[in-house]
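Engineer: Below is the structure I would like to discuss, written out as C-alpha cells.
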Amino acid sequence: MTNEQKQTLMRERAAALMKDGAVSYVIGWRETRFPGKTAIFFVRDEKDADMLVWDEYTIPLTAKYLTENRWPDKKIGIFARGCDSKAINRLISDNQVERENLYIIGLPCEGKKDDRCLSCTQRDPLIYDELLWEPENATGTSETDLQRARFFRAEEVESLPTDARFAHWEDVYARCIRCYACRNVCPVCTCRECYVDMHRTGFQGKHHDAAENRVFGVTRAFHVGDRCIECGECERVCPMGLPILGQTQKIIKTIEGLAGTYEAGMDPEADSFLGKFDLDDKDTFM
Amino acid sequence: MAVDYEPKIIAFCCNWCTYTGADLAGLNRMKYPENVRVVRVPCSGRVNPQFILRAFRRGADGVMVCGCHPGDCHYSTGNYFTRRRFMLMRELLEFNGIDPRRFHARWISGSEAAKFRDTVTEVTQLIRSLGK
Amino acid sequence: MTQKLLLKSALPAALTALLADHAVFAPTGEAERHAFTCLSSAEASETADAVNLDGLTTISPKEILFPRSETLYGIGLENGEISTPEPTGPTVIFGVRPCDVRSIANLDCSFLEKGFVDTAYVQRRENLTIIALACKELQSPACFCDSMGGGPASAEGADIMLTETADGKAFLVSFLTAKGEAIEKLWETASVLTEPNSADTAPPPPVCTLKVDKPQDLPAKLMAAFDDPAWERLSESCLGCGTCSYICPTCYCFDIDTEISGGKAEQLRCWDCCMFSDYSRMAGGHDPRPTKKERLRNRFLHKLAYFDERHGRTLCVGCGRCIAKCPSGVDIAHVIEWGGTL
C-alpha cells in the first residue's frame, strides 16, 4: 500500500469518527511550510480530516499531546505508530491517561526519514482499538532488522576515556540553550510542574552556563531514563542539534546490565525500573 | 596539587542507621576527618539524585549516601529503592565523565560506629588523592 | 558617502587590524554550531577557515549586547565587599545580516527608551560598531525580512555595510556613521582597502520567497481578536518550549537570579522566556496565562501588537529562525497572515 492510500484511509477514518461524534478530536499530522517537516494537528471536525498527512516525514510523536487533556468529556482519538503506542502504554501505567478515554487508531509504521528510526525496535503498534492497515511484519521489527545498534548514541561516548567523556558533555552543555524542548516533547516527562520551573527551591538556577545546563541535562535524563521509550524525540527537537539521547540510552543499557532485558512501554501494566525493587538486587555498596 | 588540599565531602546519612552510627562514633570519642559534612535525611530513599548533582555543582569534591543495610530499613523498603537508584546513578555519573570514586554509597547501621569512622576516613583519603 | 573595496584576500588583515583595539565577534562554525564568537588573533589571521559568512547563524548575535547570563554585581559573603563586572571595551560585530542589524534597534527600544536607560546595556551599546553584510543569496526559505520593513540589502542601523561583488572576490564597503569612519581610518592605515573600479558592482539583492502580507493596522486587528477561538488552533501543536524566544534576535525578556557559591553571592540577569510556566506565575501561585494558548497569544501579541503600540516598531524582523527551528511547526508568518484576514 502506498503512503497516499494510507493517507486517504486515515482521512476517511478520522472524518467518520468525527461525524459519528465518537471522539472529541483526533490527533494526527499536518504539513508545514517546509517540505520534509510535518507538525501535530488536531482534527476537530469532519472538514479538518483532509489536512491529515502520512508520509516519510510524519515523525513527531502524537502521544505527548494526550497529557494536555487528562479528563476529556469524550474519548480522544489518536493515531499511533509503534513508538506512539509505547508512549501510550507508559502514560497509562504512569496514571497519566486512562485507557477508556482513548480511541487508538493503530498505524503500522514503515520507518521514517529520520536517523533515530534506524534503531527502532517497535514499528507496529502494541495497543490499539483498530488497525488501519496490515503490518508488513506482523511481529514488529525483530532485533536482527535493526539498522543500527540500539544504544548507538551511548556507545559513541562510552568508548572515550573519562576526561574525554567529561569534555564531550562539557561541549554539549556549553551549547545547550536550555529551551527545554527536550523536556516538553518527551512523552514520559509528565510532571504537572517541573522542578526546573520551581527555581526558587534552589534545585536549578536560571544561570545559563555549561555547569548549570549539565545539572539540567543529567537530571532530566535520570528523571525519565528508566521510562524512556527510545523514540529520540529529544534529539529531533533540539535546536542546537545536541546528541542527548545518549544519556537515557546509557541508563537503559545499565538497567539491562543489572536486571536483564528491559524495554519501557511494551506493556501498560508494567512498572518502571525505579518504581519497584527486587530483594535480590545486586549492589557494590558494601 | 597543593599538599594541604582539603576536600569537601557531603554525606547524606539516614536518620535511623548511619546518623545514629555517626552519633555513636562521637559518644565513643572516635576521631574522623572533619572534611565530611553530614546531612541528615529521614531515609536513604529520600536522597534525590538531584542532591548529588547539586552538591557537585556547588563545589563538593565527593558525595556519599549512607543508609541502613538491606532488610533493616526503618520504613521496610526505602533502601531497596536507594540501591537501584544509585547503582544507576553511579554509572550515569561515570558516563558523564565524573570519576566514580567521587561518589560512594554505603550501608552503615546504628551500631557500626567504627565502620562509619573507617568509611569516612577511607573516602576522604581517596578523594584527597584524586585532587580537585 | 564613499565606497571602497575590500578584497576577500585582505579579510584576515582587516580583521587583525580591528583586533588591535577591539573585541571582534564574527560568525564561525557550521550547521548548529554556526554562531557569533569572539575571535582570537589566530582565528582572525586564518579567516578563510574560521570565519563562516555563509547563511544565518543558529543563534542571533543579540547575546553580544544582551548576554544569556550576566553578573550585575557580586557580594563577598565574608567581607561584604561589593564587586561589579569589568566594563566591556570597544567591540565590533562583523558580518551581521541586515535582519539582525535591525533587531538591535528593537533591543535599543526596550533597553534605552521610554525614560529608562539600562546601565549594563548602554555601556556595551555605545562601544559597539556594527559591520553588516548584505545577503547576496536568500539565506533560508523561511526568510521574510522584506515583508517586515527591512530587506536583504538594507543598511538600516549599520555603521559599515559590506556588499559582496558579483564575482564574489571582494566586498563593496560603505562607511555610514562616525563609528564606521573610525574603522575606515584604521583600515586605511592598515592599507586593506582599495578603490573599486567600474567592474566591481553588486548584483541585485535577492527577493524573499516567503511573502507575508502584513496590513498597516495589524496591531489593532490582533488586539481585537484577543478572544478569537483561532488561538486554540494556532497553539495546538506548540510544545511550550523556549526555542523560538532563545533563537529570536529581538526577544529580550530576562529574570534576575541569585547564585551563591565560592564564598560569593552574585546577582545574575538571565534570559527568560514567556512560554515557560513560571514566567507569569505570581507570588500566590495564580497564573494569568495558565496554558500554552495564553502564552503563545501573549508572545505573538507582544511581537506584533503591544511593542508596536509602545515603540512604533514590530518586534519581528523576519529572520525566519523561529519558523525554521520550531519543532512543532508554529509559524509567526501564519499569525501575521491570519491577522490580515480579520
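How things are named: the first chain in the C-alpha cells is A, the next is B, and so on; residues count from 1 in each chain; ligands count from 1 in the order shown.
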With DSSP run on the backbone, what are the alpha helix (DSSP H) residues within range 9-100 of chain C? I'd like them as number ranges by chain.

Structural biologist: C: 11-19, 41-45, 47-50, 62-65, 98-100

Engineer: Counting only C-alpha atoms, what is within 8 Å of range 83-93 of chain A, bar same-chain residues fewer than 3 positions away, as an NGL selection string?

Structural biologist: :A and (61-64 or 80 or 96-99 or 122-123 or 125-128 or 187-188 or 227 or 229 or 231 or 264-271)

Engineer: Kindly determine which residues of chain A lie within 6 Å of chain C, considering only C-alpha atoms, and give the answer as a PyMOL selection string.

Structural biologist: chain A and resi 39-40+179-181+184+197+207-208+237+240

Engineer: Using only C-alpha atoms, which residues sit within 6 Å of range 42-50 of chain B once same-chain residues fewer than 5 positions away are excluded, as JSON, numbers by chain?

Structural biologist: {"B": [14, 15, 67, 78, 79, 82]}

Engineer: Specify as a PyMOL selection string all residues of chain B found within 7 Å of chain A, counting only C-alpha atoms.

Structural biologist: chain B and resi 50+53-54+57+80-81+83-85+87-88+92+95-98+105-107

Engineer: Write the selection just made, keeping C-alpha atoms, as an mmCIF file, in the first residue's frame?

Structural biologist:
data_model
loop_
_atom_site.group_PDB
_atom_site.id
_atom_site.type_symbol
_atom_site.label_atom_id
_atom_site.label_comp_id
_atom_site.auth_asym_id
_atom_site.auth_seq_id
_atom_site.Cartn_x
_atom_site.Cartn_y
_atom_site.Cartn_z
ATOM 1 C CA GLN B 50 19.395 15.831 42.206
ATOM 2 C CA LEU B 53 24.291 16.771 41.219
ATOM 3 C CA ARG B 54 23.590 19.913 43.203
ATOM 4 C CA ARG B 57 27.655 21.745 41.146
ATOM 5 C CA TYR B 80 15.860 -1.126 48.282
ATOM 6 C CA PHE B 81 14.826 1.801 46.124
ATOM 7 C CA ARG B 83 20.055 0.617 45.950
ATOM 8 C CA ARG B 84 18.602 0.563 42.441
ATOM 9 C CA ARG B 85 18.685 4.303 42.103
ATOM 10 C CA MET B 87 23.628 1.766 41.117
ATOM 11 C CA LEU B 88 22.157 3.532 38.102
ATOM 12 C CA LEU B 92 25.459 7.713 34.730
ATOM 13 C CA PHE B 95 29.245 8.146 31.693
ATOM 14 C CA ASN B 96 29.261 11.910 32.178
ATOM 15 C CA GLY B 97 32.952 11.914 32.896
ATOM 16 C CA ILE B 98 32.712 12.264 36.680
ATOM 17 C CA ALA B 105 27.035 4.631 48.698
ATOM 18 C CA ARG B 106 27.458 2.591 51.892
ATOM 19 C CA TRP B 107 25.330 0.563 54.268
#

Engineer: As a PyMOL selection string, which residues of chain B does DSSP assign to strand (DSSP E or B)?

Structural biologist: chain B and resi 9-14+36-41+62-67+103-107

Engineer: Find the residues in chain B near chain C: any atom within 12 Å counts, using only C-alpha atoms. Write them as a compact mmCIF listing (two decimals) with N, CA and C atoms, in the first residue's frame.

Structural biologist:
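result38.txt was written with the following content:
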# COMPACT_ATOMS: atom_id res chain seq x y z
N ARG B 54 23.54 18.57 42.63
CA ARG B 54 23.59 19.91 43.20
C ARG B 54 24.85 20.07 44.06
N ALA B 55 25.17 19.02 44.82
CA ALA B 55 26.36 19.07 45.67
C ALA B 55 27.61 19.24 44.82
N PHE B 56 27.70 18.46 43.75
CA PHE B 56 28.87 18.59 42.87
C PHE B 56 28.90 19.98 42.23
N ARG B 57 27.74 20.44 41.80
CA ARG B 57 27.66 21.75 41.15
C ARG B 57 28.12 22.86 42.08
N ARG B 58 27.77 22.73 43.36
CA ARG B 58 28.13 23.76 44.33
C ARG B 58 29.55 23.59 44.86
N GLY B 59 30.28 22.63 44.31
CA GLY B 59 31.69 22.57 44.64
C GLY B 59 32.11 21.44 45.57
N ALA B 60 31.23 20.48 45.83
CA ALA B 60 31.66 19.34 46.65
C ALA B 60 32.66 18.51 45.85

Engineer: Need to verify the contact set: Lys179 in chain C, 7 Å, only C-alpha atoms, exclusion of same-chain residues closer than 3 positions in sequence. Can you return it as a ChimeraX atom specification?

Structural biologist: /C:129,159,182-183

Engineer: Print the selection's residues with N, CA and C atoms to a file, as a PDB file, in the first residue's frame.

Structural biologist:
ATOM      1  N   THR C 129      30.415  48.667  17.354  1.00  0.00           N
ATOM      2  CA  THR C 129      30.370  49.047  15.944  1.00  0.00           C
ATOM      3  C   THR C 129      29.842  47.857  15.154  1.00  0.00           C
ATOM      4  N   ASP C 159      26.798  50.505  10.922  1.00  0.00           N
ATOM      5  CA  ASP C 159      27.848  51.518  10.875  1.00  0.00           C
ATOM      6  C   ASP C 159      28.654  51.381   9.587  1.00  0.00           C
ATOM      7  N   ALA C 182      35.655  55.788  11.764  1.00  0.00           N
ATOM      8  CA  ALA C 182      36.823  55.491  12.596  1.00  0.00           C
ATOM      9  C   ALA C 182      37.484  54.189  12.146  1.00  0.00           C
ATOM     10  N   ILE C 183      36.631  53.223  11.793  1.00  0.00           N
ATOM     11  CA  ILE C 183      37.165  51.944  11.297  1.00  0.00           C
ATOM     12  C   ILE C 183      37.811  52.159   9.929  1.00  0.00           C
TER      13      ILE C 183
END

Engineer: Of the residues C:Leu72, C:Leu193, C:Cys319, C:Ile93, which is the one nearest to Cys135 in chain C, using only C-alpha atoms?

Structural biologist: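 Once distances to Cys135 in chain C are computed over only C-alpha atoms, the minimum belongs to C:Cys319.
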
Engineer: I want to know what sits within 10 Å of Lys113 in chain A, based on only C-alpha atoms, with residues of the same chain fewer than 5 positions away left out; could you give that as a PyMOL selection string?

Structural biologist: chain A and resi 36+55-59+118

Engineer: Do a neighbour search on Glu34 in chain B at 12 Å with only C-alpha atoms, toss out local chain neighbours closer than 6 positions, and write the hits as a list of chain:residue names.

Structural biologist: B:Glu6, B:Pro7, B:Lys8, B:Ile9, B:Ile10, B:Ala11, B:Arg117, B:Val120, B:Thr121, B:Thr124, B:Gln125

Engineer: Would you mind exporting N, CA and C atoms of the selected residues as an mmCIF file, in the first residue's frame?

Structural biologist:
data_model
loop_
_atom_site.group_PDB
_atom_site.id
_atom_site.type_symbol
_atom_site.label_atom_id
_atom_site.label_comp_id
_atom_site.auth_asym_id
_atom_site.auth_seq_id
_atom_site.Cartn_x
_atom_site.Cartn_y
_atom_site.Cartn_z
ATOM 1 N N GLU B 6 42.336 20.221 51.137
ATOM 2 C CA GLU B 6 41.334 19.526 51.945
ATOM 3 C C GLU B 6 40.031 19.435 51.170
ATOM 4 N N PRO B 7 39.634 18.240 50.802
ATOM 5 C CA PRO B 7 38.400 18.117 50.032
ATOM 6 C C PRO B 7 37.165 18.365 50.893
ATOM 7 N N LYS B 8 36.097 18.750 50.222
ATOM 8 C CA LYS B 8 34.799 18.883 50.888
ATOM 9 C C LYS B 8 33.954 17.687 50.482
ATOM 10 N N ILE B 9 33.466 16.979 51.479
ATOM 11 C CA ILE B 9 32.657 15.795 51.175
ATOM 12 C C ILE B 9 31.298 15.933 51.856
ATOM 13 N N ILE B 10 30.265 15.705 51.085
ATOM 14 C CA ILE B 10 28.909 15.780 51.636
ATOM 15 C C ILE B 10 28.415 14.347 51.831
ATOM 16 N N ALA B 11 27.979 14.022 53.049
ATOM 17 C CA ALA B 11 27.448 12.681 53.311
ATOM 18 C C ALA B 11 25.973 12.788 53.688
ATOM 19 N N ARG B 117 33.439 5.513 60.975
ATOM 20 C CA ARG B 117 34.729 6.201 61.046
ATOM 21 C C ARG B 117 35.657 5.719 59.928
ATOM 22 N N VAL B 120 34.495 6.852 56.359
ATOM 23 C CA VAL B 120 34.692 8.272 56.127
ATOM 24 C C VAL B 120 36.181 8.577 55.948
ATOM 25 N N THR B 121 37.001 7.950 56.749
ATOM 26 C CA THR B 121 38.439 8.171 56.655
ATOM 27 C C THR B 121 38.968 7.705 55.298
ATOM 28 N N THR B 124 37.729 9.970 52.464
ATOM 29 C CA THR B 124 38.426 11.255 52.480
ATOM 30 C C THR B 124 39.819 11.119 51.892
ATOM 31 N N GLN B 125 40.516 10.056 52.294
ATOM 32 C CA GLN B 125 41.870 9.856 51.766
ATOM 33 C C GLN B 125 41.848 9.650 50.263
#

Engineer: With a distance cut-off of 6 Å and only C-alpha atoms, select the neighbouring residues of Ser109 in chain B, excluding the residue or stretch itself and same-chain residues fewer than 2 positions from it, and output the selection as a VMD selection string.

Structural biologist: chain B and resid 17 to 18 68 111 to 112

Engineer: Just write the chosen residues, N, CA and C atoms, as a PDB file, in the first residue's frame.

Structural biologist:
ATOM      1  N   CYS B  17      19.950   4.785  60.827  1.00  0.00           N
ATOM      2  CA  CYS B  17      21.132   3.926  60.913  1.00  0.00           C
ATOM      3  C   CYS B  17      22.414   4.746  60.923  1.00  0.00           C
ATOM      4  N   THR B  18      22.778   5.271  59.768  1.00  0.00           N
ATOM      5  CA  THR B  18      24.098   5.872  59.669  1.00  0.00           C
ATOM      6  C   THR B  18      24.254   7.091  60.574  1.00  0.00           C
ATOM      7  N   CYS B  68      20.656   2.283  55.918  1.00  0.00           N
ATOM      8  CA  CYS B  68      20.582   1.005  56.624  1.00  0.00           C
ATOM      9  C   CYS B  68      20.946  -0.149  55.689  1.00  0.00           C
ATOM     10  N   SER B 111      24.817   0.631  64.961  1.00  0.00           N
ATOM     11  CA  SER B 111      25.816   0.131  65.909  1.00  0.00           C
ATOM     12  C   SER B 111      27.214   0.137  65.304  1.00  0.00           C
ATOM     13  N   GLU B 112      27.306   0.468  64.006  1.00  0.00           N
ATOM     14  CA  GLU B 112      28.610   0.362  63.331  1.00  0.00           C
ATOM     15  C   GLU B 112      29.382   1.683  63.364  1.00  0.00           C
TER      16      GLU B 112
END
